[in-house]
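So this one's model_18.cif, mmCIF, C-alpha atoms; chains and numbers go by the auth columns:
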data_target
#
loop_
_atom_site.group_PDB
_atom_site.id
_atom_site.type_symbol
_atom_site.label_atom_id
_atom_site.label_comp_id
_atom_site.label_asym_id
_atom_site.label_seq_id
_atom_site.Cartn_x
_atom_site.Cartn_y
_atom_site.Cartn_z
_atom_site.B_iso_or_equiv
_atom_site.auth_seq_id
_atom_site.auth_asym_id
ATOM 1 C CA MET A 1 -6.246 -16.483 -64.016 0.00 1 A
ATOM 2 C CA ILE A 2 -6.237 -15.395 -60.364 0.00 2 A
ATOM 3 C CA SER A 3 -5.601 -18.143 -57.837 0.00 3 A
ATOM 4 C CA LEU A 4 -7.975 -18.975 -55.006 0.00 4 A
ATOM 5 C CA ASN A 5 -5.410 -17.912 -52.366 0.00 5 A
ATOM 6 C CA LYS A 6 -4.872 -14.512 -54.048 0.00 6 A
ATOM 7 C CA LEU A 7 -8.638 -14.031 -54.301 0.00 7 A
ATOM 8 C CA LEU A 8 -9.107 -14.774 -50.598 0.00 8 A
ATOM 9 C CA ARG A 9 -6.307 -12.372 -49.668 0.00 9 A
ATOM 10 C CA LEU A 10 -7.866 -9.678 -51.857 0.00 10 A
ATOM 11 C CA ILE A 11 -11.294 -10.171 -50.280 0.00 11 A
ATOM 12 C CA GLY A 12 -9.724 -10.203 -46.819 0.00 12 A
ATOM 13 C CA GLY A 13 -7.917 -6.946 -47.530 0.00 13 A
ATOM 14 C CA VAL A 14 -11.119 -5.256 -48.720 0.00 14 A
ATOM 15 C CA LEU A 15 -13.124 -6.519 -45.764 0.00 15 A
ATOM 16 C CA SER A 16 -10.460 -5.478 -43.253 0.00 16 A
ATOM 17 C CA LEU A 17 -10.734 -1.812 -44.248 0.00 17 A
ATOM 18 C CA PRO A 18 -14.174 -1.119 -42.717 0.00 18 A
ATOM 19 C CA PHE A 19 -13.129 -3.196 -39.678 0.00 19 A
ATOM 20 C CA LEU A 20 -10.105 -0.946 -39.162 0.00 20 A
ATOM 21 C CA VAL A 21 -12.319 2.114 -39.536 0.00 21 A
ATOM 22 C CA LEU A 22 -14.622 0.634 -36.911 0.00 22 A
ATOM 23 C CA ILE A 23 -11.663 0.207 -34.543 0.00 23 A
ATOM 24 C CA LEU A 24 -10.500 3.790 -35.086 0.00 24 A
ATOM 25 C CA LEU A 25 -13.914 5.434 -34.895 0.00 25 A
ATOM 26 C CA ILE A 26 -15.584 3.402 -32.142 0.00 26 A
ATOM 27 C CA VAL A 27 -13.270 1.208 -30.095 0.00 27 A
ATOM 28 C CA LYS A 28 -10.441 3.697 -29.550 0.00 28 A
ATOM 29 C CA PRO A 29 -12.785 6.476 -28.342 0.00 29 A
ATOM 30 C CA ILE A 30 -14.396 3.971 -25.955 0.00 30 A
ATOM 31 C CA ILE A 31 -10.975 3.075 -24.530 0.00 31 A
ATOM 32 C CA PHE A 32 -10.171 6.782 -24.205 0.00 32 A
ATOM 33 C CA LEU A 33 -13.428 7.422 -22.363 0.00 33 A
ATOM 34 C CA MET A 34 -12.815 4.447 -20.064 0.00 34 A
ATOM 35 C CA ARG A 35 -9.380 5.795 -19.169 0.00 35 A
ATOM 36 C CA ARG A 36 -10.803 9.247 -18.511 0.00 36 A
ATOM 37 C CA ARG A 37 -13.532 7.764 -16.327 0.00 37 A
ATOM 38 C CA LYS A 38 -10.968 5.755 -14.347 0.00 38 A
ATOM 39 C CA ALA A 39 -8.862 8.880 -13.819 0.00 39 A
ATOM 40 C CA ALA A 40 -11.943 10.849 -12.743 0.00 40 A
ATOM 41 C CA ASN A 41 -12.920 8.087 -10.311 0.00 41 A
ATOM 42 C CA SER A 42 -9.432 8.120 -8.807 0.00 42 A
ATOM 43 C CA LYS A 43 -9.517 11.912 -8.426 0.00 43 A
ATOM 44 C CA ARG A 44 -12.915 11.777 -6.707 0.00 44 A
ATOM 45 C CA LEU A 45 -11.660 9.052 -4.413 0.00 45 A
ATOM 46 C CA VAL A 46 -8.547 11.054 -3.498 0.00 46 A
ATOM 47 C CA LYS A 47 -10.781 14.010 -2.616 0.00 47 A
ATOM 48 C CA ARG A 48 -12.899 11.782 -0.365 0.00 48 A
ATOM 49 C CA LEU A 49 -9.800 10.370 1.287 0.00 49 A
ATOM 50 C CA LEU A 50 -8.412 13.863 1.883 0.00 50 A
ATOM 51 C CA LEU A 51 -11.664 14.971 3.463 0.00 51 A
ATOM 52 C CA GLY A 52 -11.464 11.941 5.739 0.00 52 A
ATOM 53 C CA LEU A 53 -7.816 12.643 6.598 0.00 53 A
ATOM 54 C CA GLU A 54 -8.644 16.263 7.403 0.00 54 A
ATOM 55 C CA ALA A 55 -11.422 15.146 9.754 0.00 55 A
ATOM 56 C CA LEU A 56 -9.096 12.552 11.300 0.00 56 A
ATOM 57 C CA GLY A 57 -6.503 15.254 11.943 0.00 57 A
ATOM 58 C CA ARG A 58 -9.060 17.212 13.988 0.00 58 A
ATOM 59 C CA ALA A 59 -10.042 14.211 16.134 0.00 59 A
ATOM 60 C CA THR A 60 -8.636 14.361 19.665 0.00 60 A
ATOM 61 C CA THR A 61 -10.333 11.402 21.377 0.00 61 A
ATOM 62 C CA PRO A 62 -10.858 7.719 20.477 0.00 62 A
ATOM 63 C CA GLN A 63 -14.589 8.394 20.213 0.00 63 A
ATOM 64 C CA GLU A 64 -13.986 11.162 17.664 0.00 64 A
ATOM 65 C CA VAL A 65 -11.633 8.924 15.675 0.00 65 A
ATOM 66 C CA GLU A 66 -14.293 6.192 15.600 0.00 66 A
ATOM 67 C CA ALA A 67 -16.898 8.701 14.416 0.00 67 A
ATOM 68 C CA VAL A 68 -14.618 9.838 11.570 0.00 68 A
ATOM 69 C CA LEU A 69 -14.034 6.245 10.451 0.00 69 A
ATOM 70 C CA GLN A 70 -17.763 5.582 10.448 0.00 70 A
ATOM 71 C CA ARG A 71 -18.310 8.608 8.179 0.00 71 A
ATOM 72 C CA HIS A 72 -15.351 7.723 5.954 0.00 72 A
ATOM 73 C CA PRO A 73 -15.099 3.891 5.883 0.00 73 A
ATOM 74 C CA GLN A 74 -12.976 4.018 2.705 0.00 74 A
ATOM 75 C CA LEU A 75 -10.062 5.195 4.867 0.00 75 A
ATOM 76 C CA LEU A 76 -9.628 1.650 6.207 0.00 76 A
ATOM 77 C CA TYR A 77 -9.735 -0.140 2.845 0.00 77 A
ATOM 78 C CA ASP A 78 -6.447 -1.770 1.799 0.00 78 A
ATOM 79 C CA GLN A 79 -6.735 -0.268 -1.689 0.00 79 A
ATOM 80 C CA ALA A 80 -6.915 3.225 -0.166 0.00 80 A
ATOM 81 C CA ASP A 81 -3.436 2.690 1.255 0.00 81 A
ATOM 82 C CA THR A 82 -2.085 1.992 -2.237 0.00 82 A
ATOM 83 C CA LEU A 83 -3.703 5.156 -3.565 0.00 83 A
ATOM 84 C CA LEU A 84 -2.301 7.256 -0.711 0.00 84 A
ATOM 85 C CA VAL A 85 1.222 5.958 -1.417 0.00 85 A
ATOM 86 C CA GLY A 86 0.964 7.240 -4.990 0.00 86 A
ATOM 87 C CA PHE A 87 -0.501 10.539 -3.813 0.00 87 A
ATOM 88 C CA VAL A 88 2.367 11.102 -1.357 0.00 88 A
ATOM 89 C CA ASP A 89 4.900 10.531 -4.158 0.00 89 A
ATOM 90 C CA LYS A 90 2.990 12.958 -6.383 0.00 90 A
ATOM 91 C CA LEU A 91 3.029 15.642 -3.677 0.00 91 A
ATOM 92 C CA LYS A 92 6.783 15.192 -3.245 0.00 92 A
ATOM 93 C CA ARG A 93 7.314 15.615 -6.989 0.00 93 A
ATOM 94 C CA GLN A 94 5.209 18.763 -6.852 0.00 94 A
ATOM 95 C CA ASP A 95 7.478 20.102 -4.084 0.00 95 A
ATOM 96 C CA LYS A 96 4.779 20.075 -1.407 0.00 96 A
ATOM 97 C CA PRO A 97 6.692 18.420 1.463 0.00 97 A
ATOM 98 C CA ASP A 98 4.399 19.631 4.264 0.00 98 A
ATOM 99 C CA PHE A 99 1.272 18.293 2.579 0.00 99 A
ATOM 100 C CA ALA A 100 3.073 15.040 1.710 0.00 100 A
ATOM 101 C CA GLN A 101 4.158 14.646 5.339 0.00 101 A
ATOM 102 C CA PHE A 102 0.594 15.241 6.543 0.00 102 A
ATOM 103 C CA VAL A 103 -0.805 12.561 4.216 0.00 103 A
ATOM 104 C CA GLN A 104 1.995 10.110 5.035 0.00 104 A
ATOM 105 C CA ARG A 105 1.598 10.598 8.804 0.00 105 A
ATOM 106 C CA ASN A 106 -2.120 9.920 8.615 0.00 106 A
ATOM 107 C CA ARG A 107 -1.563 7.001 6.242 0.00 107 A
ATOM 108 C CA GLU A 108 0.673 5.405 8.878 0.00 108 A
ATOM 109 C CA LEU A 109 -1.905 6.060 11.583 0.00 109 A
ATOM 110 C CA LEU A 110 -4.589 4.400 9.442 0.00 110 A
ATOM 111 C CA GLN A 111 -2.297 1.413 8.932 0.00 111 A
ATOM 112 C CA SER A 112 -2.037 1.030 12.699 0.00 112 A
ATOM 113 C CA ILE A 113 -5.798 1.255 13.140 0.00 113 A
ATOM 114 C CA ARG A 114 -6.455 -1.175 10.291 0.00 114 A
ATOM 115 C CA GLN A 115 -3.961 -3.661 11.690 0.00 115 A
ATOM 116 C CA THR A 116 -5.586 -3.464 15.114 0.00 116 A
ATOM 117 C CA VAL A 117 -9.102 -3.949 13.773 0.00 117 A
ATOM 118 C CA ALA A 118 -8.375 -6.674 11.217 0.00 118 A
ATOM 119 C CA GLY A 119 -8.651 -10.188 12.556 0.00 119 A
ATOM 120 C CA GLU A 120 -8.474 -9.168 16.195 0.00 120 A
ATOM 121 C CA ASN A 121 -10.742 -12.022 17.279 0.00 121 A
ATOM 122 C CA ASN A 122 -8.530 -14.606 15.543 0.00 122 A
ATOM 123 C CA ILE A 123 -5.384 -13.707 17.471 0.00 123 A
ATOM 124 C CA PRO A 124 -4.292 -16.392 19.964 0.00 124 A
ATOM 125 C CA ALA A 125 -4.545 -15.309 23.589 0.00 125 A
ATOM 126 C CA ILE A 126 -0.797 -15.693 24.133 0.00 126 A
ATOM 127 C CA PHE A 127 -0.090 -12.922 21.592 0.00 127 A
ATOM 128 C CA LYS A 128 -2.996 -10.520 22.212 0.00 128 A
ATOM 129 C CA ALA A 129 -1.417 -8.507 25.028 0.00 129 A
ATOM 130 C CA ASP A 130 1.822 -7.887 23.130 0.00 130 A
ATOM 131 C CA ILE A 131 0.023 -6.998 19.898 0.00 131 A
ATOM 132 C CA LYS A 132 -2.180 -4.567 21.775 0.00 132 A
ATOM 133 C CA GLN A 133 0.867 -3.042 23.467 0.00 133 A
ATOM 134 C CA ALA A 134 2.779 -2.751 20.174 0.00 134 A
ATOM 135 C CA ASN A 135 -0.137 -1.032 18.438 0.00 135 A
ATOM 136 C CA ALA A 136 -0.776 1.274 21.384 0.00 136 A
ATOM 137 C CA ALA A 137 2.907 2.275 21.457 0.00 137 A
ATOM 138 C CA GLU A 138 2.800 2.988 17.733 0.00 138 A
ATOM 139 C CA VAL A 139 -0.231 5.220 18.141 0.00 139 A
ATOM 140 C CA SER A 140 1.551 6.995 21.015 0.00 140 A
ATOM 141 C CA TYR A 141 4.481 7.650 18.719 0.00 141 A
ATOM 142 C CA GLN A 142 2.132 9.066 16.103 0.00 142 A
ATOM 143 C CA GLN A 143 0.828 11.426 18.766 0.00 143 A
ATOM 144 C CA GLY A 144 4.326 12.685 19.595 0.00 144 A
ATOM 145 C CA ALA A 145 5.583 10.343 22.325 0.00 145 A
ATOM 146 C CA GLY A 146 9.055 10.080 20.774 0.00 146 A
ATOM 147 C CA VAL A 147 11.433 7.265 19.892 0.00 147 A
ATOM 148 C CA GLN A 148 10.918 5.545 23.250 0.00 148 A
ATOM 149 C CA ALA A 149 7.424 4.606 22.061 0.00 149 A
ATOM 150 C CA LEU A 150 9.000 2.910 19.031 0.00 150 A
ATOM 151 C CA ASP A 151 11.394 1.064 21.335 0.00 151 A
ATOM 152 C CA GLU A 152 8.408 -0.174 23.335 0.00 152 A
ATOM 153 C CA ALA A 153 6.654 -1.343 20.176 0.00 153 A
ATOM 154 C CA VAL A 154 9.804 -3.144 18.955 0.00 154 A
ATOM 155 C CA LEU A 155 10.160 -4.990 22.273 0.00 155 A
ATOM 156 C CA ALA A 156 6.524 -6.132 22.096 0.00 156 A
ATOM 157 C CA TRP A 157 6.911 -7.405 18.527 0.00 157 A
ATOM 158 C CA GLU A 158 10.171 -9.161 19.384 0.00 158 A
ATOM 159 C CA ARG A 159 8.503 -11.003 22.251 0.00 159 A
ATOM 160 C CA ILE A 160 5.996 -12.376 19.731 0.00 160 A
ATOM 161 C CA LEU A 161 8.591 -13.183 17.060 0.00 161 A
ATOM 162 C CA SER A 162 10.771 -15.061 19.549 0.00 162 A
ATOM 163 C CA HIS A 163 7.874 -16.907 21.211 0.00 163 A
ATOM 164 C CA PRO A 164 8.209 -20.717 20.778 0.00 164 A
ATOM 165 C CA GLU A 165 4.613 -20.974 19.511 0.00 165 A
ATOM 166 C CA PHE A 166 4.983 -18.271 16.861 0.00 166 A
ATOM 167 C CA ALA A 167 6.577 -20.640 14.319 0.00 167 A
ATOM 168 C CA THR A 168 3.517 -22.919 14.400 0.00 168 A
ATOM 169 C CA ALA A 169 0.901 -20.167 14.519 0.00 169 A
ATOM 170 C CA ASP A 170 -1.547 -19.568 11.668 0.00 170 A
ATOM 171 C CA GLU A 171 0.350 -18.393 8.581 0.00 171 A
ATOM 172 C CA GLU A 172 -1.888 -15.361 8.059 0.00 172 A
ATOM 173 C CA LEU A 173 -1.112 -14.200 11.595 0.00 173 A
ATOM 174 C CA ARG A 174 2.611 -14.794 11.147 0.00 174 A
ATOM 175 C CA LEU A 175 2.672 -12.765 7.926 0.00 175 A
ATOM 176 C CA ALA A 176 0.710 -9.949 9.578 0.00 176 A
ATOM 177 C CA VAL A 177 3.112 -9.864 12.535 0.00 177 A
ATOM 178 C CA LEU A 178 6.155 -9.852 10.252 0.00 178 A
ATOM 179 C CA ASN A 179 4.649 -7.010 8.209 0.00 179 A
ATOM 180 C CA ASP A 180 3.604 -4.916 11.206 0.00 180 A
ATOM 181 C CA SER A 181 6.892 -5.369 13.041 0.00 181 A
ATOM 182 C CA ALA A 182 8.780 -4.480 9.848 0.00 182 A
ATOM 183 C CA SER A 183 6.847 -1.198 9.687 0.00 183 A
ATOM 184 C CA ILE A 184 8.046 -0.355 13.198 0.00 184 A
ATOM 185 C CA TYR A 185 11.651 -1.225 12.379 0.00 185 A
ATOM 186 C CA LEU A 186 11.479 1.007 9.302 0.00 186 A
ATOM 187 C CA ARG A 187 9.948 3.829 11.313 0.00 187 A
ATOM 188 C CA ARG A 188 12.641 3.578 13.994 0.00 188 A
ATOM 189 C CA TYR A 189 15.317 3.531 11.310 0.00 189 A
ATOM 190 C CA LYS A 190 13.968 6.818 9.954 0.00 190 A
ATOM 191 C CA VAL A 191 14.389 8.323 13.429 0.00 191 A
ATOM 192 C CA THR A 192 17.716 6.799 14.505 0.00 192 A
ATOM 193 C CA GLY A 193 19.420 5.931 11.215 0.00 193 A
ATOM 194 C CA VAL A 194 20.480 2.508 12.550 0.00 194 A
ATOM 195 C CA LEU A 195 20.866 0.330 9.456 0.00 195 A
ATOM 196 C CA GLU A 196 20.215 -2.884 11.393 0.00 196 A
ATOM 197 C CA ASP A 197 16.577 -1.830 11.886 0.00 197 A
ATOM 198 C CA LEU A 198 16.156 -1.237 8.162 0.00 198 A
ATOM 199 C CA ASN A 199 17.720 -4.607 7.331 0.00 199 A
ATOM 200 C CA ARG A 200 15.370 -6.330 9.802 0.00 200 A
ATOM 201 C CA ALA A 201 12.382 -4.661 8.145 0.00 201 A
ATOM 202 C CA LEU A 202 13.436 -5.662 4.633 0.00 202 A
ATOM 203 C CA SER A 203 14.179 -9.253 5.664 0.00 203 A
ATOM 204 C CA SER A 204 10.693 -9.570 7.153 0.00 204 A
ATOM 205 C CA TRP A 205 9.019 -8.128 4.063 0.00 205 A
ATOM 206 C CA GLU A 206 10.957 -10.503 1.814 0.00 206 A
ATOM 207 C CA ILE A 207 9.536 -13.435 3.790 0.00 207 A
ATOM 208 C CA VAL A 208 6.034 -11.964 3.645 0.00 208 A
ATOM 209 C CA LEU A 209 6.089 -11.308 -0.096 0.00 209 A
ATOM 210 C CA ALA A 210 7.501 -14.776 -0.844 0.00 210 A
ATOM 211 C CA LYS A 211 4.484 -16.389 0.813 0.00 211 A
ATOM 212 C CA MET A 212 1.662 -14.071 -0.301 0.00 212 A
ATOM 213 C CA PRO A 213 -0.630 -15.066 -3.205 0.00 213 A
ATOM 214 C CA GLU A 214 -0.848 -12.670 -6.148 0.00 214 A
ATOM 215 C CA ASN A 215 -4.558 -12.044 -5.551 0.00 215 A
ATOM 216 C CA SER A 216 -4.172 -11.080 -1.881 0.00 216 A
ATOM 217 C CA PRO A 217 -5.785 -7.689 -1.095 0.00 217 A
ATOM 218 C CA ASP A 218 -2.863 -6.988 1.268 0.00 218 A
ATOM 219 C CA LEU A 219 -0.219 -7.440 -1.422 0.00 219 A
ATOM 220 C CA PRO A 220 -0.174 -3.830 -2.769 0.00 220 A
ATOM 221 C CA SER A 221 0.382 -2.192 0.626 0.00 221 A
ATOM 222 C CA ARG A 222 3.097 -4.693 1.581 0.00 222 A
ATOM 223 C CA LEU A 223 4.803 -4.315 -1.782 0.00 223 A
ATOM 224 C CA SER A 224 4.782 -0.545 -1.346 0.00 224 A
ATOM 225 C CA ASN A 225 6.286 -0.856 2.145 0.00 225 A
ATOM 226 C CA PHE A 226 9.021 -3.100 0.754 0.00 226 A
ATOM 227 C CA GLY A 227 9.712 -0.677 -2.097 0.00 227 A
ATOM 228 C CA ILE A 228 9.896 2.289 0.275 0.00 228 A
ATOM 229 C CA GLY A 229 12.277 0.362 2.534 0.00 229 A
ATOM 230 C CA LEU A 230 14.553 -0.558 -0.374 0.00 230 A
ATOM 231 C CA ARG A 231 14.608 3.050 -1.505 0.00 231 A
ATOM 232 C CA ALA A 232 15.609 4.101 2.027 0.00 232 A
ATOM 233 C CA ARG A 233 18.478 1.591 2.045 0.00 233 A
ATOM 234 C CA TYR A 234 19.629 2.800 -1.363 0.00 234 A
ATOM 235 C CA ALA A 235 19.749 6.336 0.038 0.00 235 A
ATOM 236 C CA HIS A 236 21.832 5.025 2.961 0.00 236 A
ATOM 237 C CA THR A 237 24.260 2.724 1.137 0.00 237 A
ATOM 238 C CA GLY A 238 24.108 3.829 -2.501 0.00 238 A
ATOM 239 C CA ASP A 239 23.588 0.230 -3.645 0.00 239 A
ATOM 240 C CA VAL A 240 21.991 0.481 -7.104 0.00 240 A
ATOM 241 C CA LYS A 241 20.554 -3.041 -6.733 0.00 241 A
ATOM 242 C CA ASP A 242 18.270 -1.766 -3.977 0.00 242 A
ATOM 243 C CA LEU A 243 17.122 1.098 -6.185 0.00 243 A
ATOM 244 C CA LYS A 244 16.280 -1.281 -9.041 0.00 244 A
ATOM 245 C CA ARG A 245 14.398 -3.640 -6.720 0.00 245 A
ATOM 246 C CA SER A 246 12.528 -0.690 -5.227 0.00 246 A
ATOM 247 C CA MET A 247 11.418 0.513 -8.653 0.00 247 A
ATOM 248 C CA LYS A 248 10.319 -2.990 -9.603 0.00 248 A
ATOM 249 C CA ALA A 249 8.245 -3.383 -6.419 0.00 249 A
ATOM 250 C CA LEU A 250 6.589 0.023 -6.747 0.00 250 A
ATOM 251 C CA GLN A 251 5.823 -0.600 -10.433 0.00 251 A
ATOM 252 C CA LYS A 252 3.919 -3.707 -9.381 0.00 252 A
ATOM 253 C CA VAL A 253 1.918 -1.576 -6.944 0.00 253 A
ATOM 254 C CA VAL A 254 0.864 0.718 -9.805 0.00 254 A
ATOM 255 C CA LYS A 255 -0.803 -2.259 -11.535 0.00 255 A
ATOM 256 C CA TYR A 256 -3.216 -2.513 -8.628 0.00 256 A
ATOM 257 C CA ASP A 257 -4.530 1.006 -9.263 0.00 257 A
ATOM 258 C CA THR A 258 -7.113 -0.596 -11.533 0.00 258 A
ATOM 259 C CA SER A 259 -8.996 -1.599 -8.381 0.00 259 A
ATOM 260 C CA ALA A 260 -9.252 1.980 -7.130 0.00 260 A
ATOM 261 C CA SER A 261 -12.756 2.417 -8.565 0.00 261 A
ATOM 262 C CA MET A 262 -13.931 -0.372 -6.204 0.00 262 A
ATOM 263 C CA LEU A 263 -13.430 2.046 -3.322 0.00 263 A
ATOM 264 C CA LEU A 264 -16.214 4.340 -4.429 0.00 264 A
ATOM 265 C CA VAL A 265 -19.166 4.119 -2.033 0.00 265 A
#
Take the structure I supplied and represent it as structure tokens, if you would.
Amino acid sequence: MISLNKLLRLIGGVLSLPFLVLILLIVKPIIFLMRRRKAANSKRLVKRLLLGLEALGRATTPQEVEAVLQRHPQLLYDQADTLLVGFVDKLKRQDKPDFAQFVQRNRELLQSIRQTVAGENNIPAIFKADIKQANAAEVSYQQGAGVQALDEAVLAWERILSHPEFATADEELRLAVLNDSASIYLRRYKVTGVLEDLNRALSSWEIVLAKMPENSPDLPSRLSNFGIGLRARYAHTGDVKDLKRSMKALQKVVKYDTSASMLLV
């Protein structure tokens, strides 16, 4: 005589068969379609971003730049920066260095604009002049002013970082200053090859990332900056630890691609 436990297992096995068929015939195709839709959304977004970058490249005055940003507001979204990082890497893998350089140059310009716009009214008066000078010098560098513009930006950031009131300033401001100054140090390192600048950048980003919450919208772009900096130091020193940390940071950035569809407007 069959036991109750065997009977229940037999019934469970029979009932599980149509459930498995349901999974295979319905759920898996739905997941496949969702993935295809996400990929299509990302491709459409990249096309919109490229159109915006092309228009930005033709702008020659601040008024024209403002007009482009009004037509393409997605250019200033933090998530767009994450998507552009991935697109630059893809272009490099496809052996399109000129196109990759164009996208990267405009990505950096957009970072400068976004940093200037974000939270400008919340900046204490004692820091406003130096922040404005640092951002203006960075834009000048983007327009071809040379390494002296980076030197000017570094001096402005260092005046803020060494100011006695910086340590007690609002944490969000301090993290933004550390991130923005690190970007300048990294940029100057790429021009001069001075390792001290790269180390300063990475030290600042380590502080920033240690204090940022996981749900911060700024986390992906700052993680990507940190990963790019670590990769640059690996190329300079050959330290495999930096390469591993870079890969780990950039892999985290990839997880935030799920928010790319939010950029569609």
Task: Result set of the PyMOL selection byres ((chain A and resi 226) around 8) on the coordinates above, as a ChimeraX atom specification - done: /A:202,205-206,222-225,227-230,246,249
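Counting from atom CA of A:Leu75, the distance to atom CA of A:Ile160 is 28.1 Å.
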- [ ] Given the file shown, determine the residues that the PyMOL selection byres ((chain A and resi 159) around 12) selects; report them as JSON, numbers by chain.
- [x] {"A": [126, 127, 128, 129, 130, 131, 133, 134, 152, 153, 154, 155, 156, 157, 158, 160, 161, 162, 163, 164, 165, 166, 177, 181]}
How would the residues just chosen look if you wrote them out with C-alpha atoms as a PDB file, keeping the file's coordinate frame?
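Output contents, as saved in out.pdb:
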ATOM      1  CA  ILE A 126      -0.797 -15.693  24.133  1.00  0.00           C
ATOM      2  CA  PHE A 127      -0.090 -12.922  21.592  1.00  0.00           C
ATOM      3  CA  LYS A 128      -2.996 -10.520  22.212  1.00  0.00           C
ATOM      4  CA  ALA A 129      -1.417  -8.507  25.028  1.00  0.00           C
ATOM      5  CA  ASP A 130       1.822  -7.887  23.130  1.00  0.00           C
ATOM      6  CA  ILE A 131       0.023  -6.998  19.898  1.00  0.00           C
ATOM      7  CA  GLN A 133       0.867  -3.042  23.467  1.00  0.00           C
ATOM      8  CA  ALA A 134       2.779  -2.751  20.174  1.00  0.00           C
ATOM      9  CA  GLU A 152       8.408  -0.174  23.335  1.00  0.00           C
ATOM     10  CA  ALA A 153       6.654  -1.343  20.176  1.00  0.00           C
ATOM     11  CA  VAL A 154       9.804  -3.144  18.955  1.00  0.00           C
ATOM     12  CA  LEU A 155      10.160  -4.990  22.273  1.00  0.00           C
ATOM     13  CA  ALA A 156       6.524  -6.132  22.096  1.00  0.00           C
ATOM     14  CA  TRP A 157       6.911  -7.405  18.527  1.00  0.00           C
ATOM     15  CA  GLU A 158      10.171  -9.161  19.384  1.00  0.00           C
ATOM     16  CA  ILE A 160       5.996 -12.376  19.731  1.00  0.00           C
ATOM     17  CA  LEU A 161       8.591 -13.183  17.060  1.00  0.00           C
ATOM     18  CA  SER A 162      10.771 -15.061  19.549  1.00  0.00           C
ATOM     19  CA  HIS A 163       7.874 -16.907  21.211  1.00  0.00           C
ATOM     20  CA  PRO A 164       8.209 -20.717  20.778  1.00  0.00           C
ATOM     21  CA  GLU A 165       4.613 -20.974  19.511  1.00  0.00           C
ATOM     22  CA  PHE A 166       4.983 -18.271  16.861  1.00  0.00           C
ATOM     23  CA  VAL A 177       3.112  -9.864  12.535  1.00  0.00           C
ATOM     24  CA  SER A 181       6.892  -5.369  13.041  1.00  0.00           C
TER      25      SER A 181
END
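For the set A:Ile123, A:Ala201, A:Leu110, A:Ile184, the residue with the smallest atom-to-atom gap to A:Ala137 is A:Ile184, counting all atoms listed in the file.
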TODO: Return as a PyMOL selection string the set of residues that the PyMOL selection byres ((chain A and resi 72) around 10) yields on the displayed structure.
DONE: chain A and resi 48-49+51-53+55-56+66-71+73-76+265
Padded axis-aligned box of stretch 227-234 of chain A (4 Å per side), centre and edge lengths, Å, one decimal, as JSON:
{"center_x": 14.7, "center_y": 1.7, "center_z": 0.2, "size_x": 17.9, "size_y": 12.8, "size_z": 12.6}
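One distance worth recording is that between atom CA of A:Leu186 and atom CA of A:Val254, which is 21.9 Å.
Atom CA of A:Leu198 to atom CA of A:Ser183 spans 9.4 Å [interatomic distance, one decimal].
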Open item on the list: Can you pull out the residues contacting A:Thr237? Cut-off 12 Å, using all atoms listed in the file, and skip same-chain residues under 6 positions away; I want them as number ranges by chain.
Closed with: A: 193, 195, 198-199, 230-231, 243
Grab the residues selected above and save them as a short mmCIF file (atom, residue, chain, number, x, y, z; two decimals), in the frame of the given file with C-alpha atoms.
data_model
loop_
_atom_site.label_atom_id
_atom_site.label_comp_id
_atom_site.auth_asym_id
_atom_site.auth_seq_id
_atom_site.Cartn_x
_atom_site.Cartn_y
_atom_site.Cartn_z
CA GLY A 193 19.42 5.93 11.22
CA LEU A 195 20.87 0.33 9.46
CA LEU A 198 16.16 -1.24 8.16
CA ASN A 199 17.72 -4.61 7.33
CA LEU A 230 14.55 -0.56 -0.37
CA ARG A 231 14.61 3.05 -1.50
CA LEU A 243 17.12 1.10 -6.18
#
Neighbours of stretch 146-148 of chain A within 8 Å (all atoms listed in the file; same-chain residues fewer than 4 positions away dropped), as a compact mmCIF listing (two decimals) with C-alpha atoms, keeping the file's coordinate frame?
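Here's the written file out.txt:
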# COMPACT_ATOMS: atom_id res chain seq x y z
CA TYR A 141 4.48 7.65 18.72
CA GLU A 152 8.41 -0.17 23.34
CA ARG A 188 12.64 3.58 13.99
CA VAL A 191 14.39 8.32 13.43
Task: Who sits within 7 Å of stretch 81-83 of chain A, all atoms listed in the file, same chain under 6 positions skipped, as a PyMOL selection string - done: chain A and resi 107+220-221
